[in-house]
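Enquirer: Sharing protein-v6.cif, mmCIF, C-alpha atoms, pLDDT in the B column; chains and numbers go by the auth columns:
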data_structure
loop_
_atom_site.group_PDB
_atom_site.id
_atom_site.type_symbol
_atom_site.label_atom_id
_atom_site.label_comp_id
_atom_site.label_asym_id
_atom_site.label_seq_id
_atom_site.Cartn_x
_atom_site.Cartn_y
_atom_site.Cartn_z
_atom_site.B_iso_or_equiv
_atom_site.auth_seq_id
_atom_site.auth_asym_id
ATOM 1 C CA MET A 1 142.584 282.976 38.140 89.00 696 A
ATOM 2 C CA GLU A 2 139.816 285.013 39.799 90.00 697 A
ATOM 3 C CA LYS A 3 141.819 288.200 39.110 93.00 698 A
ATOM 4 C CA LEU A 4 142.201 287.367 35.423 94.00 699 A
ATOM 5 C CA LEU A 5 139.008 285.677 34.223 96.00 700 A
ATOM 6 C CA THR A 6 135.253 286.126 34.478 96.00 701 A
ATOM 7 C CA VAL A 7 133.007 283.422 33.010 96.00 702 A
ATOM 8 C CA LEU A 8 129.620 284.604 31.749 96.00 703 A
ATOM 9 C CA ILE A 9 127.048 281.869 31.076 96.00 704 A
ATOM 10 C CA GLN A 10 123.850 282.966 29.351 95.00 705 A
ATOM 11 C CA THR A 11 120.554 281.265 30.105 93.00 706 A
ATOM 12 C CA SER A 12 116.882 281.863 29.311 90.00 707 A
ATOM 13 C CA PRO A 13 113.497 280.066 29.549 91.00 708 A
ATOM 14 C CA LEU A 14 113.339 276.425 28.425 90.00 709 A
ATOM 15 C CA PRO A 15 110.553 273.807 28.280 90.00 710 A
ATOM 16 C CA SER A 16 112.575 271.683 30.760 92.00 711 A
ATOM 17 C CA HIS A 17 112.318 274.269 33.559 93.00 712 A
ATOM 18 C CA PRO A 18 112.056 274.366 36.541 95.00 713 A
ATOM 19 C CA SER A 19 114.674 271.592 36.366 96.00 714 A
ATOM 20 C CA THR A 20 118.281 272.739 36.801 96.00 715 A
ATOM 21 C CA ALA A 21 119.656 269.602 35.093 97.00 716 A
ATOM 22 C CA LEU A 22 120.980 271.418 32.009 96.00 717 A
ATOM 23 C CA LEU A 23 123.100 273.883 33.976 96.00 718 A
ATOM 24 C CA GLU A 24 124.238 271.107 36.289 97.00 719 A
ATOM 25 C CA ALA A 25 125.513 269.166 33.273 97.00 720 A
ATOM 26 C CA LEU A 26 127.267 272.302 32.011 96.00 721 A
ATOM 27 C CA PHE A 27 129.007 272.889 35.331 97.00 722 A
ATOM 28 C CA ARG A 28 130.101 269.268 35.498 96.00 723 A
ATOM 29 C CA SER A 29 131.707 269.796 32.098 96.00 724 A
ATOM 30 C CA PHE A 30 133.646 272.729 33.611 96.00 725 A
ATOM 31 C CA ASP A 31 135.647 270.151 35.565 96.00 726 A
ATOM 32 C CA ARG A 32 137.295 269.270 32.243 95.00 727 A
ATOM 33 C CA VAL A 33 138.840 272.738 31.959 95.00 728 A
ATOM 34 C CA ASP A 34 141.934 273.609 33.976 93.00 729 A
ATOM 35 C CA GLY A 35 141.355 276.566 36.277 93.00 730 A
ATOM 36 C CA LEU A 36 137.819 277.377 35.088 95.00 731 A
ATOM 37 C CA LYS A 37 136.124 276.930 38.466 96.00 732 A
ATOM 38 C CA GLU A 38 138.845 279.074 40.029 96.00 733 A
ATOM 39 C CA SER A 39 137.485 282.091 38.125 95.00 734 A
ATOM 40 C CA ASN A 40 134.480 284.353 38.748 96.00 735 A
ATOM 41 C CA ILE A 41 131.482 282.606 37.192 96.00 736 A
ATOM 42 C CA ILE A 42 128.284 284.554 36.516 96.00 737 A
ATOM 43 C CA ILE A 43 125.104 282.870 35.321 96.00 738 A
ATOM 44 C CA LEU A 44 123.341 285.585 33.328 96.00 739 A
ATOM 45 C CA ALA A 45 119.594 284.919 33.298 94.00 740 A
ATOM 46 C CA ASP A 46 117.837 286.921 30.608 90.00 741 A
ATOM 47 C CA GLY A 47 114.240 288.025 31.035 85.00 742 A
ATOM 48 C CA CYS A 48 111.435 286.923 28.711 78.00 743 A
ATOM 49 C CA GLU A 49 108.416 288.293 26.902 73.00 744 A
ATOM 50 C CA ALA A 50 104.801 287.130 27.129 78.00 745 A
ATOM 51 C CA ALA A 51 103.526 285.026 24.247 68.00 746 A
ATOM 52 C CA ALA A 52 100.314 285.827 22.381 67.00 747 A
ATOM 53 C CA ASP A 53 98.821 282.452 23.366 60.00 748 A
ATOM 54 C CA ASP A 54 99.031 283.098 27.125 58.00 749 A
ATOM 55 C CA ASN A 55 95.296 282.544 27.592 56.00 750 A
ATOM 56 C CA ALA A 56 92.137 282.074 25.580 43.00 751 A
ATOM 57 C CA THR A 57 90.494 285.238 26.939 41.00 752 A
ATOM 58 C CA ALA A 58 93.049 287.658 25.528 47.00 753 A
ATOM 59 C CA THR A 59 91.547 290.164 23.109 48.00 754 A
ATOM 60 C CA THR A 60 92.460 290.239 19.436 49.00 755 A
ATOM 61 C CA THR A 61 94.131 293.615 19.929 45.00 756 A
ATOM 62 C CA THR A 62 96.247 292.288 22.813 46.00 757 A
ATOM 63 C CA LYS A 63 97.290 289.226 20.828 47.00 758 A
ATOM 64 C CA LYS A 64 98.434 291.370 17.920 51.00 759 A
ATOM 65 C CA LYS A 65 100.794 293.247 20.225 57.00 760 A
ATOM 66 C CA LYS A 66 102.338 290.029 21.526 62.00 761 A
ATOM 67 C CA LYS A 67 104.525 287.511 19.726 73.00 762 A
ATOM 68 C CA LYS A 68 104.142 283.794 19.191 77.00 763 A
ATOM 69 C CA THR A 69 105.976 281.419 21.530 72.00 764 A
ATOM 70 C CA ASN A 70 109.624 281.269 20.508 64.00 765 A
ATOM 71 C CA PHE A 71 112.105 280.092 23.136 65.00 766 A
ATOM 72 C CA LYS A 72 115.092 281.091 21.010 62.00 767 A
ATOM 73 C CA HIS A 73 113.839 284.679 20.996 62.00 768 A
ATOM 74 C CA GLY A 74 112.789 284.665 24.654 65.00 769 A
ATOM 75 C CA VAL A 75 109.032 284.629 24.056 72.00 770 A
ATOM 76 C CA ALA A 76 107.239 282.200 26.376 70.00 771 A
ATOM 77 C CA PRO A 77 103.712 281.387 27.588 75.00 772 A
ATOM 78 C CA LEU A 78 102.655 282.008 31.182 82.00 773 A
ATOM 79 C CA GLU A 79 103.319 278.464 32.437 85.00 774 A
ATOM 80 C CA THR A 80 106.891 278.523 31.099 82.00 775 A
ATOM 81 C CA ARG A 81 107.566 281.942 32.603 85.00 776 A
ATOM 82 C CA GLU A 82 106.369 280.721 35.989 91.00 777 A
ATOM 83 C CA ASN A 83 108.537 277.601 35.663 92.00 778 A
ATOM 84 C CA TYR A 84 111.483 279.840 34.771 91.00 779 A
ATOM 85 C CA LYS A 85 111.001 281.857 37.963 93.00 780 A
ATOM 86 C CA GLN A 86 110.944 278.640 39.970 95.00 781 A
ATOM 87 C CA HIS A 87 114.018 277.414 38.107 95.00 782 A
ATOM 88 C CA LEU A 88 115.974 280.556 39.007 96.00 783 A
ATOM 89 C CA LYS A 89 114.874 280.277 42.642 96.00 784 A
ATOM 90 C CA LEU A 90 116.080 276.651 42.815 96.00 785 A
ATOM 91 C CA LEU A 91 119.296 277.586 41.035 97.00 786 A
ATOM 92 C CA LYS A 92 120.082 280.402 43.471 96.00 787 A
ATOM 93 C CA GLU A 93 119.459 278.101 46.441 97.00 788 A
ATOM 94 C CA LYS A 94 121.900 275.535 45.050 97.00 789 A
ATOM 95 C CA ILE A 95 124.504 278.193 44.323 96.00 790 A
ATOM 96 C CA ASP A 96 124.172 279.713 47.808 96.00 791 A
ATOM 97 C CA LYS A 97 124.504 276.269 49.416 95.00 792 A
ATOM 98 C CA ARG A 98 127.424 275.400 47.125 96.00 793 A
ATOM 99 C CA GLN A 99 125.571 272.271 46.163 95.00 794 A
ATOM 100 C CA ALA A 100 127.421 270.130 43.599 95.00 795 A
ATOM 101 C CA PRO A 101 128.276 270.899 40.866 96.00 796 A
ATOM 102 C CA PHE A 102 127.939 274.608 41.741 96.00 797 A
ATOM 103 C CA GLN A 103 131.137 274.579 43.782 95.00 798 A
ATOM 104 C CA PRO A 104 133.900 277.072 42.991 95.00 799 A
ATOM 105 C CA ILE A 105 137.520 276.129 43.644 94.00 800 A
ATOM 106 C CA LYS A 106 140.024 278.126 45.721 93.00 801 A
ATOM 107 C CA ASN A 107 139.096 281.841 45.441 94.00 802 A
ATOM 108 C CA GLY A 108 136.642 281.350 42.591 95.00 803 A
ATOM 109 C CA SER A 109 132.993 282.357 42.856 95.00 804 A
ATOM 110 C CA ILE A 110 129.603 281.543 41.323 96.00 805 A
ATOM 111 C CA GLN A 111 126.711 283.967 41.261 95.00 806 A
ATOM 112 C CA LEU A 112 123.385 284.480 39.525 96.00 807 A
ATOM 113 C CA LEU A 113 122.501 287.744 37.768 94.00 808 A
ATOM 114 C CA GLN A 114 118.831 288.056 36.794 93.00 809 A
ATOM 115 C CA LEU A 115 117.790 290.631 34.200 91.00 810 A
ATOM 116 C CA PRO A 116 114.294 292.104 34.696 88.00 811 A
ATOM 117 C CA HIS A 117 113.222 291.904 31.053 88.00 812 A
ATOM 118 C CA ARG A 118 114.221 290.365 27.721 85.00 813 A
ATOM 119 C CA HIS A 119 117.483 291.696 26.253 86.00 814 A
ATOM 120 C CA GLY A 120 118.736 289.106 23.773 85.00 815 A
ATOM 121 C CA SER A 121 122.278 287.756 23.747 84.00 816 A
ATOM 122 C CA ALA A 122 124.402 290.813 22.916 87.00 817 A
ATOM 123 C CA ARG A 123 122.374 293.305 24.945 89.00 818 A
ATOM 124 C CA ALA A 124 122.276 290.918 27.910 90.00 819 A
ATOM 125 C CA ILE A 125 126.076 290.818 27.916 89.00 820 A
ATOM 126 C CA ALA A 126 126.187 294.625 27.745 90.00 821 A
ATOM 127 C CA ALA A 127 123.718 294.798 30.645 88.00 822 A
ATOM 128 C CA ALA A 128 125.955 292.499 32.704 89.00 823 A
ATOM 129 C CA PHE A 129 128.878 294.891 32.235 88.00 824 A
ATOM 130 C CA LYS A 130 126.686 297.799 33.329 87.00 825 A
ATOM 131 C CA ALA A 131 124.972 296.016 36.231 81.00 826 A
ATOM 132 C CA GLU A 132 127.625 296.681 38.852 70.00 827 A
ATOM 133 C CA LYS A 133 131.044 298.215 38.403 65.00 828 A
ATOM 134 C CA SER A 134 132.729 295.461 40.389 70.00 829 A
ATOM 135 C CA LEU A 135 130.806 292.574 38.826 85.00 830 A
ATOM 136 C CA ILE A 136 133.106 292.205 35.809 89.00 831 A
ATOM 137 C CA SER A 137 136.522 293.697 36.465 89.00 832 A
ATOM 138 C CA THR A 138 138.887 291.069 35.037 93.00 833 A
ATOM 139 C CA PRO A 139 140.932 291.655 31.858 94.00 834 A
ATOM 140 C CA TYR A 140 139.515 288.505 30.232 95.00 835 A
ATOM 141 C CA ILE A 141 136.034 287.071 29.863 95.00 836 A
ATOM 142 C CA LEU A 142 134.819 283.664 28.732 96.00 837 A
ATOM 143 C CA ILE A 143 131.299 283.693 27.297 95.00 838 A
ATOM 144 C CA GLY A 144 129.202 280.572 26.833 93.00 839 A
ATOM 145 C CA GLN A 145 125.620 279.346 26.524 91.00 840 A
ATOM 146 C CA HIS A 146 123.710 277.083 28.895 92.00 841 A
ATOM 147 C CA ASP A 147 123.816 274.219 26.370 89.00 842 A
ATOM 148 C CA ASN A 148 127.415 274.470 25.104 89.00 843 A
ATOM 149 C CA PHE A 149 129.274 271.803 27.076 93.00 844 A
ATOM 150 C CA PHE A 150 132.970 270.996 27.166 92.00 845 A
ATOM 151 C CA VAL A 151 133.009 267.417 25.858 91.00 846 A
ATOM 152 C CA LYS A 152 136.798 267.009 25.888 90.00 847 A
ATOM 153 C CA ASP A 153 139.495 267.958 28.385 92.00 848 A
ATOM 154 C CA VAL A 154 140.901 271.472 27.992 90.00 849 A
ATOM 155 C CA SER A 155 144.333 271.587 29.588 90.00 850 A
ATOM 156 C CA TYR A 156 145.447 274.858 27.999 89.00 851 A
ATOM 157 C CA LEU A 157 143.170 277.572 29.441 92.00 852 A
ATOM 158 C CA THR A 158 145.751 278.808 31.942 92.00 853 A
ATOM 159 C CA SER A 159 148.567 278.800 29.382 91.00 854 A
ATOM 160 C CA LEU A 160 146.290 280.488 26.821 91.00 855 A
ATOM 161 C CA ILE A 161 145.596 283.363 29.201 93.00 856 A
ATOM 162 C CA SER A 162 149.330 283.622 29.897 92.00 857 A
ATOM 163 C CA TYR A 163 149.905 283.846 26.141 91.00 858 A
ATOM 164 C CA LEU A 164 147.311 286.621 25.851 91.00 859 A
ATOM 165 C CA GLU A 165 149.189 288.472 28.578 92.00 860 A
ATOM 166 C CA GLU A 166 152.231 288.758 26.286 91.00 861 A
ATOM 167 C CA ASP A 167 152.486 292.248 24.752 89.00 862 A
ATOM 168 C CA HIS A 168 152.882 291.111 21.155 90.00 863 A
ATOM 169 C CA THR A 169 149.422 289.438 21.095 89.00 864 A
ATOM 170 C CA SER A 170 147.393 292.555 21.906 87.00 865 A
ATOM 171 C CA SER A 171 147.470 293.843 18.333 87.00 866 A
ATOM 172 C CA TRP A 172 146.082 290.728 16.634 89.00 867 A
ATOM 173 C CA LEU A 173 144.574 288.294 19.150 90.00 868 A
ATOM 174 C CA GLN A 174 141.396 289.641 20.729 91.00 869 A
ATOM 175 C CA CYS A 175 139.123 286.606 20.866 91.00 870 A
ATOM 176 C CA VAL A 176 139.655 282.829 20.823 92.00 871 A
ATOM 177 C CA HIS A 177 136.837 280.376 20.103 91.00 872 A
ATOM 178 C CA PHE A 178 137.062 276.908 21.573 89.00 873 A
ATOM 179 C CA PRO A 179 136.800 274.126 18.956 83.00 874 A
ATOM 180 C CA SER A 180 133.314 272.882 18.060 84.00 875 A
ATOM 181 C CA THR A 181 131.784 270.657 15.395 83.00 876 A
ATOM 182 C CA ALA A 182 131.286 273.778 13.254 80.00 877 A
ATOM 183 C CA THR A 183 135.016 274.483 13.204 84.00 878 A
ATOM 184 C CA LEU A 184 136.395 270.972 12.721 85.00 879 A
ATOM 185 C CA HIS A 185 138.622 270.881 9.615 90.00 880 A
ATOM 186 C CA TYR A 186 137.848 274.585 9.313 92.00 881 A
ATOM 187 C CA VAL A 187 140.644 275.506 6.886 93.00 882 A
ATOM 188 C CA GLU A 188 139.480 272.828 4.439 94.00 883 A
ATOM 189 C CA LYS A 189 135.815 273.811 4.850 92.00 884 A
ATOM 190 C CA VAL A 190 136.509 277.464 4.081 93.00 885 A
ATOM 191 C CA LYS A 191 138.567 276.553 1.038 94.00 886 A
ATOM 192 C CA ARG A 192 135.896 274.214 -0.264 93.00 887 A
ATOM 193 C CA ARG A 193 132.900 276.455 0.384 93.00 888 A
ATOM 194 C CA TYR A 194 134.291 279.933 -0.276 93.00 889 A
ATOM 195 C CA ASP A 195 137.501 279.273 -2.209 94.00 890 A
ATOM 196 C CA LEU A 196 139.468 281.161 0.448 93.00 891 A
ATOM 197 C CA ASP A 197 142.889 280.024 1.597 95.00 892 A
ATOM 198 C CA ILE A 198 143.216 281.036 5.250 94.00 893 A
ATOM 199 C CA SER A 199 146.080 278.635 5.995 92.00 894 A
ATOM 200 C CA LYS A 200 148.653 281.396 5.417 89.00 895 A
ATOM 201 C CA PHE A 201 147.073 283.414 8.226 91.00 896 A
ATOM 202 C CA CYS A 202 147.270 280.635 10.841 92.00 897 A
ATOM 203 C CA VAL A 203 149.631 281.204 13.762 90.00 898 A
ATOM 204 C CA GLY A 204 151.308 278.278 15.500 88.00 899 A
ATOM 205 C CA TYR A 205 150.593 277.765 19.181 85.00 900 A
ATOM 206 C CA ASP A 206 151.351 274.938 21.641 80.00 901 A
ATOM 207 C CA GLY A 207 151.461 272.140 19.084 75.00 902 A
ATOM 208 C CA GLY A 208 148.446 273.510 17.207 81.00 903 A
ATOM 209 C CA SER A 209 147.547 276.850 15.679 87.00 904 A
ATOM 210 C CA PHE A 210 145.244 279.842 15.875 91.00 905 A
ATOM 211 C CA ILE A 211 142.965 279.764 12.837 91.00 906 A
ATOM 212 C CA PRO A 212 141.214 282.982 11.723 92.00 907 A
ATOM 213 C CA LEU A 213 137.419 282.784 11.521 90.00 908 A
ATOM 214 C CA VAL A 214 135.732 283.985 8.345 89.00 909 A
ATOM 215 C CA PHE A 215 132.604 284.891 10.305 83.00 910 A
ATOM 216 C CA TRP A 216 131.350 284.837 13.888 80.00 911 A
ATOM 217 C CA PHE A 217 130.224 281.645 15.625 78.00 912 A
ATOM 218 C CA GLY A 218 127.975 281.891 18.673 77.00 913 A
ATOM 219 C CA ARG A 219 130.022 279.350 20.625 84.00 914 A
ATOM 220 C CA THR A 220 132.070 279.410 23.808 91.00 915 A
ATOM 221 C CA HIS A 221 134.922 281.876 23.460 92.00 916 A
ATOM 222 C CA LEU A 222 137.583 283.714 25.442 94.00 917 A
ATOM 223 C CA ALA A 223 138.041 287.428 24.827 92.00 918 A
ATOM 224 C CA ARG A 224 139.783 290.515 26.147 90.00 919 A
#
In structure tokens, how does this file's structure come out?
Expert:
Amino acid sequence: MEKLLTVLIQTSPLPSHPSTALLEALFRSFDRVDGLKESNIIILADGCEAAADDNATATTTTKKKKKKTNFKHGVAPLETRENYKQHLKLLKEKIDKRQAPFQPIKNGSIQLLQLPHRHGSARAIAAAFKAEKSLISTPYILIGQHDNFFVKDVSYLTSLISYLEEDHTSSWLQCVHFPSTATLHYVEKVKRRYDLDISKFCVGYDGGSFIPLVFWFGRTHLAR
């Protein structure tokens, strides 16, 4: 699996840091997915920006240049940024010691990639590809967020990658999203909300089907 799949998990500052509990819960959920911990797993830690409310002595001019605290957009006050640094230090120690649940299986690997400044989701992924030529060299990549857990068993990852390896899929199957609450009963939702019938575009697979997405969801997905 390590020659086929790289797993890229994005993380950024949170109020709960320096605790590593969230990522620990995520990695425990990886045990539900066949072969996932046999792949190359990279935790991609984005940088962050300073918030305008860092301290009471900041000048009005300085505050205008800075943004308000917004964890979603990677803007954090000084205390949170310091906690984030401590969080990443603790995380690296646990990864290096292979402390549970940061334990790869067989020839799999887990590593931490820290970006020096704030990129945002898409640019952070691009930076990961540019970081080192050998860092991401597999034909497939699975991208997820630090708070998107696998809550049910996924027994089809290996067979799904094998299906993607078949020549006839390269022209139409580039990305597969794992099911989430947003995509439950998706065909019916799209018909009801947008009056679009996407059922005729579904492709049968392993007792289920591939369903085309009308627009992008920022959820865990497998891509070429």
Enquirer: Evaluate the PyMOL selection byres ((chain A and resi 729-740) around 6) on the structure here and hand back the selected residues as an MDAnalysis selection string.
Expert: chainID A and resid 696:697 700:707 728 741 799:801 803:809 850
Enquirer: Which is closest to Ile906 of chain A among A:Leu699, A:Arg919, A:Arg888, A:Glu883, if we use all atoms listed in the file?
Expert: A:Glu883
Enquirer: Distance atom CA of Gln840 of chain A-atom CA of Ile820 of chain A, one decimal place?
Expert: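 Rounded to one decimal, the two atoms are 11.6 Å apart.
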Enquirer: Determine the nearest neighbour of Leu773 of chain A from the options A:Gln869, A:Thr876, A:Phe844, A:Cys743, counting all atoms listed in the file.
Expert: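 Going through A:Gln869, A:Thr876, A:Phe844, A:Cys743 one by one, the smallest distance to Leu773 of chain A is for A:Cys743.
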Enquirer: I'd like the contact shell of His916 of chain A - 6 Å cut-off, only C-alpha atoms, skipping same-chain residues fewer than 3 positions apart - returned as a PyMOL selection string.
Expert: chain A and resi 837-838+871-873
Enquirer: So what do you get for atom CA of Ser724 of chain A versus atom CA of Phe845 of chain A, distance-wise?
Expert: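 The value is 5.2 Å.
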Enquirer: Point out the residue among A:Val846, A:Leu709, A:Ala822, A:Leu917 with the least atom-to-atom distance to Thr764 of chain A, counting all atoms listed in the file.
Expert: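 Using all atoms listed in the file, Thr764 of chain A sits closest to A:Leu709.
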Enquirer: Segment 830-838 of chain A, all listed atoms, 4 Å padding on each side: what axis-aligned box centre and edge lengths in Å to one decimal come out, as AutoDock Vina command-line options?
Expert:
--center_x 135.9 --center_y 288.7 --center_z 33.1 --size_x 18.1 --size_y 18.0 --size_z 19.5
Enquirer: Just give me the gap between atom CA of Leu717 of chain A and atom CA of Ser854 of chain A in Å, one decimal is fine.
Expert: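 Rounded to one decimal, the two atoms are 28.7 Å apart.
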Enquirer: Of the residues A:Leu879, A:Trp911, A:Pro796, A:Ala918, which is the one nearest to Leu859 of chain A, using all atoms listed in the file?
Expert: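 Among A:Leu879, A:Trp911, A:Pro796, A:Ala918, it is A:Ala918 that comes nearest to Leu859 of chain A.
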Enquirer: Any chance you could resolve the PyMOL selection byres ((chain A and resi 708) around 10) against this file and give the residues as a VMD selection string?
Expert: chain A and resid 706 to 707 709 to 713 740 to 743 765 to 771 775 to 780 782 to 783
Enquirer: Around (147.5, 282.3, 6.1) in the file's own coordinates, what residues are found within 12 Å if you use only C-alpha atoms, given back as an MDAnalysis selection string?
Expert: chainID A and resid 882 886 891:899 904:908
